[in-house]
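Next comes input.txt, a file with compact mmCIF, C-alpha atoms.
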```txt
# COMPACT_ATOMS: atom_id res chain seq x y z
CA MET D 1 -166.12 -99.44 -112.09
CA GLY D 2 -167.87 -101.23 -109.24
CA ARG D 3 -171.58 -100.75 -108.74
CA TRP D 4 -171.35 -100.03 -105.06
CA PRO D 5 -173.16 -96.75 -104.60
CA LEU D 6 -172.81 -94.82 -101.38
CA TYR D 7 -176.56 -94.92 -100.87
CA GLY D 8 -178.78 -97.86 -101.60
CA SER D 9 -177.12 -101.21 -102.15
CA SER D 10 -173.66 -100.55 -100.69
CA ARG D 11 -173.28 -102.51 -97.52
CA PHE D 12 -170.55 -104.11 -95.56
CA GLU D 13 -170.49 -106.42 -92.58
CA SER D 14 -167.94 -105.95 -89.83
CA LEU D 15 -167.49 -109.33 -88.15
CA GLY D 16 -165.59 -110.29 -85.04
CA VAL D 17 -165.77 -106.89 -83.39
CA SER D 18 -168.46 -105.95 -80.90
CA GLY D 19 -168.54 -103.06 -78.51
CA SER D 20 -166.38 -99.99 -78.37
CA THR D 21 -163.43 -101.71 -76.68
CA ASP D 22 -163.30 -104.76 -78.95
CA TYR D 23 -160.70 -104.98 -81.69
CA GLY D 24 -161.25 -108.46 -83.02
CA THR D 25 -162.11 -112.01 -82.03
CA SER D 26 -159.32 -113.53 -79.97
CA PHE D 27 -157.94 -116.87 -81.00
CA THR D 28 -154.82 -118.72 -79.93
CA PRO D 29 -152.86 -120.24 -82.79
CA GLY D 30 -151.03 -123.51 -82.45
CA ALA D 31 -147.51 -123.38 -81.04
CA SER D 32 -144.20 -124.28 -82.63
CA ASP D 33 -145.39 -124.25 -86.23
CA SER D 34 -148.41 -126.53 -85.79
CA LYS D 35 -152.04 -125.59 -86.35
CA SER D 36 -154.02 -125.61 -83.12
CA GLY D 37 -156.80 -127.69 -84.63
CA THR D 38 -159.36 -125.54 -82.84
CA TRP D 39 -161.48 -123.29 -85.01
CA THR D 40 -162.67 -120.07 -83.39
CA GLN D 41 -165.93 -118.77 -84.78
CA ILE D 42 -165.96 -115.25 -86.17
CA VAL D 43 -169.62 -115.29 -87.19
CA ALA D 44 -172.33 -117.94 -87.07
CA ALA D 45 -174.04 -116.81 -90.29
CA THR D 46 -173.21 -113.90 -92.57
CA ALA D 47 -176.08 -111.53 -93.23
CA GLU D 48 -175.55 -110.78 -96.92
CA ASP D 49 -174.09 -112.24 -100.08
CA ALA D 50 -170.57 -110.84 -100.27
CA SER D 51 -168.26 -110.19 -103.22
CA GLY D 52 -165.14 -109.35 -101.25
CA ILE D 53 -163.53 -110.23 -97.95
CA LEU D 54 -161.05 -108.21 -95.90
CA VAL D 55 -159.26 -110.23 -93.21
CA ILE D 56 -157.55 -108.24 -90.49
CA ILE D 57 -155.12 -110.02 -88.17
CA THR D 58 -153.46 -108.35 -85.23
CA ASP D 59 -150.85 -109.58 -82.79
CA ALA D 60 -148.84 -108.14 -79.97
CA GLN D 61 -145.71 -110.30 -79.97
CA ASN D 62 -142.73 -110.93 -82.20
CA ASP D 63 -143.43 -113.98 -84.31
CA ASP D 64 -144.27 -115.51 -87.65
CA ALA D 65 -147.65 -117.10 -88.13
CA LEU D 66 -149.84 -118.67 -90.80
CA ILE D 67 -153.57 -118.07 -90.48
CA ASP D 68 -156.50 -120.03 -91.96
CA ILE D 69 -160.03 -118.77 -92.50
CA ALA D 70 -162.69 -121.46 -92.87
CA ILE D 71 -166.32 -121.73 -93.86
CA GLY D 72 -168.75 -124.33 -92.65
CA GLY D 73 -170.45 -125.56 -89.53
CA ALA D 74 -168.68 -126.47 -86.32
CA GLY D 75 -166.82 -129.70 -86.86
CA SER D 76 -167.21 -129.39 -90.63
CA GLU D 77 -164.95 -126.43 -91.31
CA LYS D 78 -163.48 -126.21 -94.79
CA VAL D 79 -160.51 -123.92 -95.36
CA LEU D 80 -161.38 -120.94 -97.54
CA LEU D 81 -158.18 -118.93 -97.12
CA SER D 82 -155.10 -121.01 -96.36
CA ASN D 83 -151.90 -119.94 -94.65
CA LEU D 84 -152.16 -116.17 -94.68
CA ILE D 85 -148.67 -115.16 -93.66
CA PHE D 86 -148.31 -112.90 -90.66
CA SER D 87 -144.85 -111.60 -89.76
CA GLY D 88 -145.12 -109.15 -86.94
CA ARG D 89 -143.29 -107.35 -84.21
CA ASP D 90 -144.68 -106.12 -80.92
CA PHE D 91 -147.96 -104.70 -82.19
CA THR D 92 -148.82 -105.40 -85.79
CA SER D 93 -151.95 -105.41 -87.91
CA ILE D 94 -151.97 -107.04 -91.33
CA HIS D 95 -154.86 -106.76 -93.78
CA TYR D 96 -155.67 -109.17 -96.62
CA TYR D 97 -158.29 -108.48 -99.28
CA PHE D 98 -159.65 -111.09 -101.70
CA PRO D 99 -162.40 -110.47 -104.28
CA ILE D 100 -164.29 -113.71 -103.67
CA HIS D 101 -167.94 -114.62 -103.28
CA ILE D 102 -169.19 -115.67 -99.87
CA PRO D 103 -172.88 -116.59 -99.74
CA LYS D 104 -175.28 -115.25 -97.18
CA GLY D 105 -175.63 -117.48 -94.16
CA THR D 106 -171.99 -118.64 -94.13
CA ARG D 107 -170.27 -119.45 -90.85
CA LEU D 108 -166.70 -118.11 -90.75
CA SER D 109 -163.98 -119.24 -88.36
CA VAL D 110 -160.24 -118.82 -87.84
CA ASP D 111 -157.28 -121.01 -86.84
CA GLY D 112 -153.54 -120.68 -87.22
CA GLN D 113 -150.05 -121.72 -86.35
CA ASN D 114 -147.32 -119.63 -84.76
CA SER D 115 -143.56 -119.96 -84.64
CA ALA D 116 -143.50 -119.23 -80.91
CA ALA D 117 -143.41 -122.03 -78.36
CA ALA D 118 -146.08 -120.33 -76.28
CA PRO D 119 -147.98 -117.92 -78.50
CA THR D 120 -150.33 -115.39 -77.02
CA ALA D 121 -153.77 -114.79 -78.45
CA MET D 122 -154.09 -113.05 -81.79
CA LYS D 123 -157.12 -111.15 -83.01
CA CYS D 124 -159.15 -111.50 -86.17
CA GLN D 125 -161.71 -109.19 -87.72
CA ILE D 126 -163.42 -109.80 -91.06
CA ILE D 127 -165.10 -107.21 -93.26
CA LEU D 128 -167.39 -108.49 -96.01
CA PHE D 129 -168.36 -106.28 -98.93
CA THR D 130 -171.73 -106.87 -100.55
CA GLN D 131 -172.47 -107.61 -104.19
CA GLY D 132 -171.52 -104.86 -106.59
CA PHE D 133 -168.26 -104.01 -104.80
CA ASN D 134 -166.18 -105.70 -107.50
CA PRO D 135 -166.38 -104.30 -111.03
CA GLY D 136 -165.88 -107.67 -112.68
CA GLY D 137 -167.89 -109.75 -110.25
CA ALA D 138 -166.66 -111.92 -107.44
CA LEU D 139 -164.23 -114.76 -107.93
CA GLY D 140 -164.39 -118.12 -106.27
CA ILE D 141 -161.29 -119.89 -104.99
CA VAL D 142 -158.02 -118.82 -103.39
CA ASP D 143 -154.98 -121.08 -103.83
CA THR D 144 -151.93 -120.53 -101.65
CA TYR D 145 -148.49 -120.93 -103.21
CA GLY D 146 -145.20 -120.90 -101.37
CA ALA D 147 -146.30 -121.12 -97.73
CA ASN D 148 -143.93 -123.04 -95.49
CA THR D 149 -145.75 -124.65 -92.60
CA GLY D 150 -142.41 -125.91 -91.26
CA ASP D 151 -141.50 -122.45 -90.00
CA SER D 152 -144.82 -120.59 -90.29
CA GLY D 153 -143.35 -118.61 -93.16
CA GLY D 154 -143.05 -118.66 -96.91
CA THR D 155 -140.62 -119.23 -99.73
CA GLU D 156 -137.28 -117.68 -98.92
CA ILE D 157 -136.23 -114.98 -101.37
CA ASP D 158 -132.61 -113.80 -101.26
CA PRO D 159 -132.02 -110.46 -102.99
CA GLY D 160 -128.33 -111.37 -103.12
CA GLY D 161 -125.22 -109.90 -101.61
CA THR D 162 -124.84 -106.99 -104.01
CA ALA D 163 -126.88 -103.96 -103.03
CA ASN D 164 -129.44 -102.65 -105.50
CA THR D 165 -128.96 -105.61 -107.87
CA LYS D 166 -131.62 -108.24 -108.48
CA GLY D 167 -130.64 -111.52 -106.86
CA GLY D 168 -132.11 -113.87 -109.47
CA TRP D 169 -135.51 -115.46 -109.96
CA THR D 170 -136.63 -117.87 -107.26
CA GLU D 171 -139.44 -120.26 -108.06
CA VAL D 172 -142.44 -120.04 -105.75
CA VAL D 173 -144.58 -122.60 -107.58
CA ALA D 174 -143.70 -124.82 -110.54
CA SER D 175 -147.26 -125.12 -111.86
CA THR D 176 -150.34 -123.26 -110.69
CA SER D 177 -153.49 -125.26 -110.00
CA ARG D 178 -156.00 -122.96 -111.62
CA PRO D 179 -156.15 -119.84 -113.79
CA ILE D 180 -155.45 -116.76 -111.70
CA ARG D 181 -157.46 -113.57 -112.14
CA TYR D 182 -156.26 -111.80 -109.02
CA ILE D 183 -153.03 -112.34 -107.17
CA ASN D 184 -151.83 -111.22 -103.76
CA MET D 185 -148.12 -111.10 -102.91
CA ALA D 186 -147.37 -111.24 -99.21
CA PHE D 187 -144.07 -110.87 -97.40
CA GLY D 188 -142.55 -111.96 -94.14
CA PHE D 189 -139.28 -111.45 -92.33
CA ARG D 190 -138.43 -114.94 -91.21
CA ASP D 191 -138.54 -114.15 -87.50
CA THR D 192 -135.76 -111.57 -87.92
CA PHE D 193 -136.66 -108.66 -85.69
CA THR D 194 -133.54 -106.53 -85.88
CA GLN D 195 -134.10 -104.76 -89.14
CA THR D 196 -132.75 -101.44 -90.40
CA ASP D 197 -134.45 -98.96 -92.70
CA LYS D 198 -134.01 -100.31 -96.22
CA TYR D 199 -135.67 -100.19 -99.63
CA TYR D 200 -136.59 -103.22 -101.71
CA ARG D 201 -137.84 -103.70 -105.24
CA VAL D 202 -139.66 -106.84 -106.27
CA ASP D 203 -140.72 -108.47 -109.54
CA LEU D 204 -143.34 -111.16 -110.01
CA GLY D 205 -142.62 -113.35 -113.02
CA VAL D 206 -144.40 -116.03 -115.04
CA GLY D 207 -142.62 -118.62 -117.14
CA ALA D 208 -139.91 -121.22 -117.17
CA SER D 209 -136.48 -120.67 -115.67
CA THR D 210 -134.40 -118.24 -117.74
CA ALA D 211 -137.54 -117.21 -119.63
CA GLU D 212 -139.43 -115.47 -116.85
CA LYS D 213 -141.69 -112.68 -118.03
CA VAL D 214 -142.22 -109.88 -115.54
CA ILE D 215 -145.94 -109.32 -115.08
CA ILE D 216 -145.64 -106.93 -112.14
CA GLY D 217 -142.27 -105.29 -111.78
CA ASP D 218 -140.06 -103.11 -109.62
CA ILE D 219 -142.61 -102.57 -106.90
CA VAL D 220 -140.97 -100.62 -104.10
CA PHE D 221 -141.36 -101.88 -100.54
CA VAL D 222 -139.58 -100.80 -97.42
CA LYS D 223 -138.69 -102.34 -94.13
CA SER D 224 -138.41 -100.28 -91.01
CA SER D 225 -136.08 -100.56 -88.05
CA THR D 226 -138.90 -99.35 -85.86
CA THR D 227 -141.53 -101.84 -86.95
CA ASP D 228 -139.32 -104.65 -88.35
CA ILE D 229 -141.96 -105.48 -90.92
CA PHE D 230 -142.34 -105.06 -94.66
CA LEU D 231 -144.48 -102.10 -95.57
CA PRO D 232 -146.90 -102.86 -97.06
CA SER D 233 -147.07 -106.45 -95.89
CA ASN D 234 -149.02 -107.58 -98.95
CA MET D 235 -150.52 -106.20 -102.13
CA GLY D 236 -153.15 -107.52 -104.56
CA PHE D 237 -153.40 -107.09 -108.34
CA PRO D 238 -155.82 -108.19 -111.06
CA VAL D 239 -153.97 -110.51 -113.47
CA SER D 240 -154.62 -113.16 -116.09
CA ILE D 241 -152.31 -116.14 -115.52
CA PRO D 242 -153.16 -119.53 -117.05
CA SER D 243 -153.26 -122.67 -114.96
CA GLY D 244 -150.07 -124.68 -115.07
CA SER D 245 -147.92 -121.55 -114.89
CA ARG D 246 -144.62 -121.30 -113.06
CA LEU D 247 -144.50 -118.29 -110.77
CA SER D 248 -141.27 -116.81 -109.45
CA VAL D 249 -140.05 -113.71 -107.64
CA ASN D 250 -136.94 -111.59 -108.15
CA MET D 251 -135.85 -109.00 -105.65
CA GLN D 252 -133.23 -106.39 -104.90
CA SER D 253 -132.45 -104.59 -101.66
CA GLN D 254 -130.23 -101.98 -100.16
CA ASP D 255 -129.52 -104.50 -97.41
CA THR D 256 -126.57 -106.82 -97.96
CA ASP D 257 -126.54 -108.47 -94.53
CA ALA D 258 -126.69 -112.21 -95.24
CA THR D 259 -129.58 -112.79 -92.82
CA ASP D 260 -131.43 -109.49 -92.60
CA ARG D 261 -131.86 -109.10 -96.35
CA LEU D 262 -133.88 -112.33 -96.63
CA THR D 263 -137.64 -112.26 -97.05
CA ASP D 264 -140.41 -114.81 -97.16
CA VAL D 265 -142.91 -114.63 -99.99
CA VAL D 266 -146.31 -116.29 -100.26
CA LEU D 267 -148.57 -115.88 -103.29
CA TYR D 268 -152.35 -116.19 -103.18
CA GLY D 269 -153.94 -116.87 -106.57
CA VAL D 270 -157.66 -116.17 -106.89
CA ALA D 271 -159.53 -118.08 -109.56
CA MET S 1 -134.07 -132.06 -107.81
CA TRP S 2 -133.30 -128.36 -107.94
CA TYR S 3 -131.73 -126.43 -110.79
CA LEU S 4 -129.54 -123.33 -110.81
CA PHE S 5 -129.21 -121.21 -113.94
CA ILE S 6 -126.02 -119.22 -113.94
CA GLU S 7 -124.72 -116.52 -116.23
CA ILE S 8 -121.45 -117.95 -117.57
CA ALA S 9 -119.64 -114.63 -117.92
CA THR S 10 -120.33 -113.36 -114.41
CA SER S 11 -121.39 -116.42 -112.37
CA ARG S 12 -124.48 -114.47 -111.44
CA LEU S 13 -127.45 -116.59 -110.38
CA VAL S 14 -130.11 -115.78 -112.95
CA SER S 15 -132.82 -118.21 -111.88
CA GLN S 16 -133.49 -121.30 -109.82
CA GLY S 17 -136.31 -123.78 -109.74
CA SER S 18 -137.58 -127.32 -109.76
CA GLN S 19 -137.67 -127.85 -113.53
CA PRO S 20 -134.73 -128.24 -115.93
CA VAL S 21 -134.57 -126.26 -119.13
CA VAL S 22 -133.91 -128.13 -122.36
CA SER S 23 -132.85 -125.22 -124.55
CA LEU S 24 -130.86 -122.83 -122.47
CA PRO S 25 -130.44 -119.23 -123.63
CA ALA S 26 -126.97 -118.26 -124.84
CA GLY S 27 -124.56 -117.50 -122.04
CA ILE S 28 -126.47 -119.47 -119.39
CA LYS S 29 -125.51 -122.81 -117.87
CA GLN S 30 -127.53 -125.19 -115.72
CA ILE S 31 -126.35 -126.84 -112.51
CA THR S 32 -128.33 -129.66 -110.97
CA LEU S 33 -128.64 -130.04 -107.21
CA GLY S 34 -130.13 -133.00 -105.41
CA SER S 35 -132.56 -130.81 -103.53
CA LYS S 36 -133.44 -127.20 -102.94
CA PRO S 37 -130.74 -125.65 -100.77
CA PRO S 38 -131.80 -124.97 -97.18
CA ALA S 39 -132.34 -121.47 -95.86
CA GLU S 40 -129.09 -121.75 -93.92
CA GLU S 41 -127.13 -121.64 -97.18
CA MET S 42 -126.67 -118.93 -99.78
CA TYR S 43 -125.41 -118.78 -103.35
CA ASP S 44 -121.74 -117.89 -103.72
CA PRO S 45 -120.80 -116.57 -107.21
CA ALA S 46 -117.13 -117.24 -106.54
CA THR S 47 -117.68 -120.99 -106.29
CA GLU S 48 -121.04 -121.23 -108.09
CA THR S 49 -122.29 -123.31 -105.22
CA TYR S 50 -124.29 -122.85 -102.08
CA ILE S 51 -122.26 -122.15 -98.97
CA PRO S 52 -123.23 -121.73 -95.33
CA ARG S 53 -124.82 -118.38 -94.65
CA PRO S 54 -122.64 -116.46 -92.18
CA ALA S 55 -124.12 -116.31 -88.73
CA PRO S 56 -125.51 -112.96 -87.66
CA VAL S 57 -123.10 -110.85 -85.64
CA TRP S 58 -124.59 -109.24 -82.56
CA GLU S 59 -123.33 -106.21 -80.73
CA ASP S 60 -124.13 -105.48 -77.09
CA ARG S 61 -125.56 -102.04 -76.40
CA LEU S 62 -124.40 -102.42 -72.83
CA ALA S 63 -120.88 -102.57 -74.19
CA ASP S 64 -121.68 -99.54 -76.36
CA ILE S 65 -122.72 -97.61 -73.27
CA GLU S 66 -119.73 -98.71 -71.25
CA ALA S 67 -117.46 -97.57 -74.06
CA ASN S 68 -119.08 -94.15 -74.14
CA ALA S 69 -116.62 -91.46 -72.92
CA ASP S 70 -119.18 -89.61 -70.82
CA TYR S 71 -120.31 -92.81 -69.16
CA SER S 72 -116.72 -93.82 -68.41
CA ASP S 73 -115.96 -90.45 -66.94
CA ALA S 74 -119.08 -90.44 -64.78
CA THR S 75 -118.57 -93.94 -63.40
CA GLN S 76 -114.83 -94.20 -63.00
CA ASN S 77 -114.97 -93.45 -59.29
CA LEU S 78 -117.81 -95.84 -58.47
CA ASN S 79 -117.02 -98.95 -56.51
CA ALA S 80 -117.70 -102.39 -57.92
CA ALA S 81 -121.01 -102.79 -56.11
CA LYS S 82 -122.38 -99.52 -57.42
CA LYS S 83 -121.15 -100.27 -60.93
CA ALA S 84 -123.00 -103.57 -60.75
CA LYS S 85 -126.22 -101.84 -59.67
CA LEU S 86 -125.89 -99.30 -62.46
CA ARG S 87 -125.29 -102.12 -64.93
CA ASN S 88 -128.43 -103.90 -63.75
CA ALA S 89 -130.44 -100.72 -64.14
CA LEU S 90 -129.18 -100.26 -67.68
CA LEU S 91 -130.04 -103.86 -68.56
CA PHE S 92 -133.54 -103.29 -67.21
CA LEU S 93 -133.90 -100.19 -69.34
CA LEU S 94 -132.51 -101.78 -72.50
CA GLY S 95 -134.77 -104.82 -72.24
CA ASN S 96 -135.15 -106.55 -75.62
CA ALA S 97 -133.11 -103.81 -77.26
CA ARG S 98 -129.91 -104.87 -75.54
CA TYR S 99 -128.49 -106.63 -78.57
CA ARG S 100 -128.29 -105.02 -82.00
CA ARG S 101 -127.02 -106.09 -85.38
CA GLN S 102 -123.75 -104.60 -86.57
CA ASN S 103 -125.44 -102.27 -89.03
CA GLU S 104 -128.15 -101.17 -86.63
CA PRO S 105 -127.61 -97.75 -85.10
CA VAL S 106 -126.34 -97.69 -81.55
CA PRO S 107 -129.15 -95.49 -80.17
CA VAL S 108 -132.37 -97.39 -79.56
CA GLU S 109 -134.98 -96.21 -82.05
CA GLY S 110 -138.62 -95.41 -81.54
CA GLY S 111 -140.37 -93.05 -79.16
CA ASN S 112 -141.16 -89.40 -79.70
CA PRO S 113 -138.18 -87.33 -80.88
```
Starting from the file, lay out its structure as structure tokens.
Amino acid sequence: MGRWPLYGSSRFESLGVSGSTDYGTSFTPGASDSKSGTWTQIVAATAEDASGILVIITDAQNDDALIDIAIGGAGSEKVLLSNLIFSGRDFTSIHYYFPIHIPKGTRLSVDGQNSAAAPTAMKCQIILFTQGFNPGGALGIVDTYGANTGDSGGTEIDPGGTANTKGGWTEVVASTSRPIRYINMAFGFRDTFTQTDKYYRVDLGVGASTAEKVIIGDIVFVKSSTTDIFLPSNMGFPVSIPSGSRLSVNMQSQDTDATDRLTDVVLYGVA
Amino acid sequence: MWYLFIEIATSRLVSQGSQPVVSLPAGIKQITLGSKPPAEEMYDPATETYIPRPAPVWEDRLADIEANADYSDATQNLNAAKKAKLRNALLFLLGNARYRRQNEPVPVEGGNP
């Protein structure tokens, strides 16, 4: 268990929100699937060593987006979290958690790209959790697999035209860069905002084609006609996947519509 | 290159990826494509190839309303100008919800029931 007692050493930093009417630092992503190139500072210097980061992105329009979080001084930003997929409708908030170490005194900033031709401002809040939050200690690097910067989405997964039947494994990455100790699966809806209430089940597999081994299987997700987003939008798991591994996803859905059933998937491997 | 792995007995797509497999499991065959199929195409078991994904079919909720028996009864005696005004008011109210997919319910969802 984590050593993050309620009293004493447990601390968190809420960054990007100030005042009772503030719900995040506004930033305007780049239009038409291109990064803006302008980093918006979330914090000039973090106050504590952190062992976990929670990134909260909100948006008020229908679009797909990919969001980057960077560390480093102005003009010297280095991407820490790359291409966090955001697939939202009207008023959406998506949360990403990664168990990584961020040293005290770090400057954090945000940039992104949006599928819209004239995107409105999005908002970003970051919560940092201090040392002791993670039972196994903080990890270091997050690699993004399967993001598609061409449409601000991810790897297309087709659950197939037969309801409630897995559509076949689709490769997300042929060979991972580093060993993965924590993985986050995130989903998007490919700018399709006319969804109906449907169930999905998803498998994450490791291994060569036709020899995929399910490491996390039959996780139930839903999509809602009211929100038009996957619920939940992403989910993280501790894993142990060697570097050089092929990762793939298999999915089934109640939805057989050739366009609506499609999802985007992006995987974030934490080493 | 992109590779499809298909169950011989059923033509079901079992797996797809960027790497070939040297020793295929029994009952599976491998098809090589020049590149990963685009999102606009989908796998067709009947032909064991990728075919164009059918375009989405949209229905017009304005047409749904105009086909409603109560609406027809209430508006049958309106002149063309008044029908046009009513139509404009309905379009204003429908907003972005004017068009729905075929399997979406006709009533606009959301709000407090």
- Task: Go through S:Gly17, S:Pro52, S:Gly95, S:Pro37 and flag the residue nearest chain D, using all atoms listed in the file for the distances.
- Result: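 Closest candidate: S:Gly17.
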- Give as a ChimeraX atom specification every residue of chain D that touches chain S within 10 Å, counting all atoms listed in the file. /D:155-158,160-161,166-174,193-197,208-212,225-227,246-250,255,257-260,262
- Message: So the first atom is CA of Gln113 (chain D) and the second is CA of Gly19 (chain D); what is the distance between them in Å, to one decimal place?
- Response: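 These two atoms are separated by 27.4 Å.
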- Query: What is the CA of Gly244 (chain D) to CA of Tyr97 (chain D) distance in Å?
  - Reply: 24.1 Å
- Task: Check the smallest atom-to-atom distance from each of D:Ser76, D:Ser253, D:Thr58, D:Ser224 to Tyr96 (chain D) using all atoms listed in the file, then report the winner.
- Result: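 Closest candidate: D:Thr58.
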- Pick out the residues sitting within 12 Å of Ser18 (chain D), and hand them over as an NGL selection string; count all atoms listed in the file, and ignore anything fewer than 4 positions along from it in its own chain. :D and (13-14 or 22-26 or 42-43 or 125-126)
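Proximity ranking of S:Lys36, S:Lys85, S:Arg61, S:Arg98 relative to Trp2 (chain S) places S:Lys36 first, based on only C-alpha atoms.
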- Message: Just want the 8 Å neighbourhood of Val142 (chain D), counted on all atoms listed in the file, with same-chain residues fewer than 5 positions away dropped. Output as number ranges by chain.
- Response: D: 80-82, 268-271
- Kindly indicate which residue among S:Val106, S:Ile8, S:Met1, S:Leu94 lies nearest to Glu59 (chain S), using only C-alpha atoms for the distances. S:Val106
- Task: Between CA of Ile241 (chain D) and CA of Pro179 (chain D), measure the distance and give it in Å to one decimal.
- Result: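 Result for CA of Ile241 (chain D) versus CA of Pro179 (chain D): 5.6 Å, one decimal.
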Could you rebuild region 105-112 of chain D with all heavy atoms and give it back as a PDB file, in the coordinates of the input?
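Output contents, as saved in part.pdb:
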```
ATOM      1  N   GLY D 105    -175.402-116.342 -95.034  1.00  0.00           N
ATOM      2  CA  GLY D 105    -175.630-117.480 -94.160  1.00  0.00           C
ATOM      3  C   GLY D 105    -174.399-118.319 -93.885  1.00  0.00           C
ATOM      4  O   GLY D 105    -174.498-119.376 -93.254  1.00  0.00           O
ATOM      5  N   THR D 106    -173.227-117.879 -94.324  1.00  0.00           N
ATOM      6  CA  THR D 106    -171.990-118.640 -94.130  1.00  0.00           C
ATOM      7  C   THR D 106    -171.443-118.448 -92.710  1.00  0.00           C
ATOM      8  O   THR D 106    -171.414-117.333 -92.199  1.00  0.00           O
ATOM      9  CB  THR D 106    -170.925-118.198 -95.148  1.00  0.00           C
ATOM     10  OG1 THR D 106    -171.403-118.477 -96.469  1.00  0.00           O
ATOM     11  CG2 THR D 106    -169.613-118.925 -94.926  1.00  0.00           C
ATOM     12  N   ARG D 107    -170.992-119.526 -92.124  1.00  0.00           N
ATOM     13  CA  ARG D 107    -170.270-119.450 -90.850  1.00  0.00           C
ATOM     14  C   ARG D 107    -168.791-119.295 -91.168  1.00  0.00           C
ATOM     15  O   ARG D 107    -168.249-120.047 -91.977  1.00  0.00           O
ATOM     16  CB  ARG D 107    -170.502-120.702 -90.007  1.00  0.00           C
ATOM     17  CG  ARG D 107    -169.699-120.759 -88.701  1.00  0.00           C
ATOM     18  CD  ARG D 107    -170.042-122.023 -87.914  1.00  0.00           C
ATOM     19  NE  ARG D 107    -169.286-122.147 -86.675  1.00  0.00           N
ATOM     20  CZ  ARG D 107    -168.111-122.772 -86.556  1.00  0.00           C
ATOM     21  NH1 ARG D 107    -167.549-123.341 -87.621  1.00  0.00           N
ATOM     22  NH2 ARG D 107    -167.479-122.829 -85.401  1.00  0.00           N
ATOM     23  N   LEU D 108    -168.123-118.342 -90.543  1.00  0.00           N
ATOM     24  CA  LEU D 108    -166.700-118.110 -90.750  1.00  0.00           C
ATOM     25  C   LEU D 108    -165.947-118.350 -89.443  1.00  0.00           C
ATOM     26  O   LEU D 108    -166.404-117.941 -88.373  1.00  0.00           O
ATOM     27  CB  LEU D 108    -166.446-116.673 -91.224  1.00  0.00           C
ATOM     28  CG  LEU D 108    -166.977-116.317 -92.612  1.00  0.00           C
ATOM     29  CD1 LEU D 108    -166.901-114.811 -92.844  1.00  0.00           C
ATOM     30  CD2 LEU D 108    -166.200-117.052 -93.684  1.00  0.00           C
ATOM     31  N   SER D 109    -164.783-118.981 -89.545  1.00  0.00           N
ATOM     32  CA  SER D 109    -163.980-119.240 -88.360  1.00  0.00           C
ATOM     33  C   SER D 109    -162.502-119.093 -88.690  1.00  0.00           C
ATOM     34  O   SER D 109    -162.123-119.018 -89.869  1.00  0.00           O
ATOM     35  CB  SER D 109    -164.289-120.618 -87.776  1.00  0.00           C
ATOM     36  OG  SER D 109    -164.161-121.609 -88.767  1.00  0.00           O
ATOM     37  N   VAL D 110    -161.669-119.076 -87.661  1.00  0.00           N
ATOM     38  CA  VAL D 110    -160.240-118.820 -87.840  1.00  0.00           C
ATOM     39  C   VAL D 110    -159.418-119.815 -87.007  1.00  0.00           C
ATOM     40  O   VAL D 110    -159.821-120.225 -85.921  1.00  0.00           O
ATOM     41  CB  VAL D 110    -159.883-117.360 -87.440  1.00  0.00           C
ATOM     42  CG1 VAL D 110    -160.243-117.079 -85.989  1.00  0.00           C
ATOM     43  CG2 VAL D 110    -158.415-117.047 -87.691  1.00  0.00           C
ATOM     44  N   ASP D 111    -158.269-120.205 -87.571  1.00  0.00           N
ATOM     45  CA  ASP D 111    -157.280-121.010 -86.840  1.00  0.00           C
ATOM     46  C   ASP D 111    -155.920-120.581 -87.368  1.00  0.00           C
ATOM     47  O   ASP D 111    -155.818-119.852 -88.370  1.00  0.00           O
ATOM     48  CB  ASP D 111    -157.505-122.503 -87.077  1.00  0.00           C
ATOM     49  CG  ASP D 111    -156.574-123.378 -86.219  1.00  0.00           C
ATOM     50  OD1 ASP D 111    -156.034-122.862 -85.203  1.00  0.00           O
ATOM     51  OD2 ASP D 111    -156.388-124.556 -86.559  1.00  0.00           O
ATOM     52  N   GLY D 112    -154.855-121.043 -86.727  1.00  0.00           N
ATOM     53  CA  GLY D 112    -153.540-120.680 -87.220  1.00  0.00           C
ATOM     54  C   GLY D 112    -152.440-121.452 -86.521  1.00  0.00           C
ATOM     55  O   GLY D 112    -152.693-122.276 -85.643  1.00  0.00           O
TER      56      GLY D 112
END
```
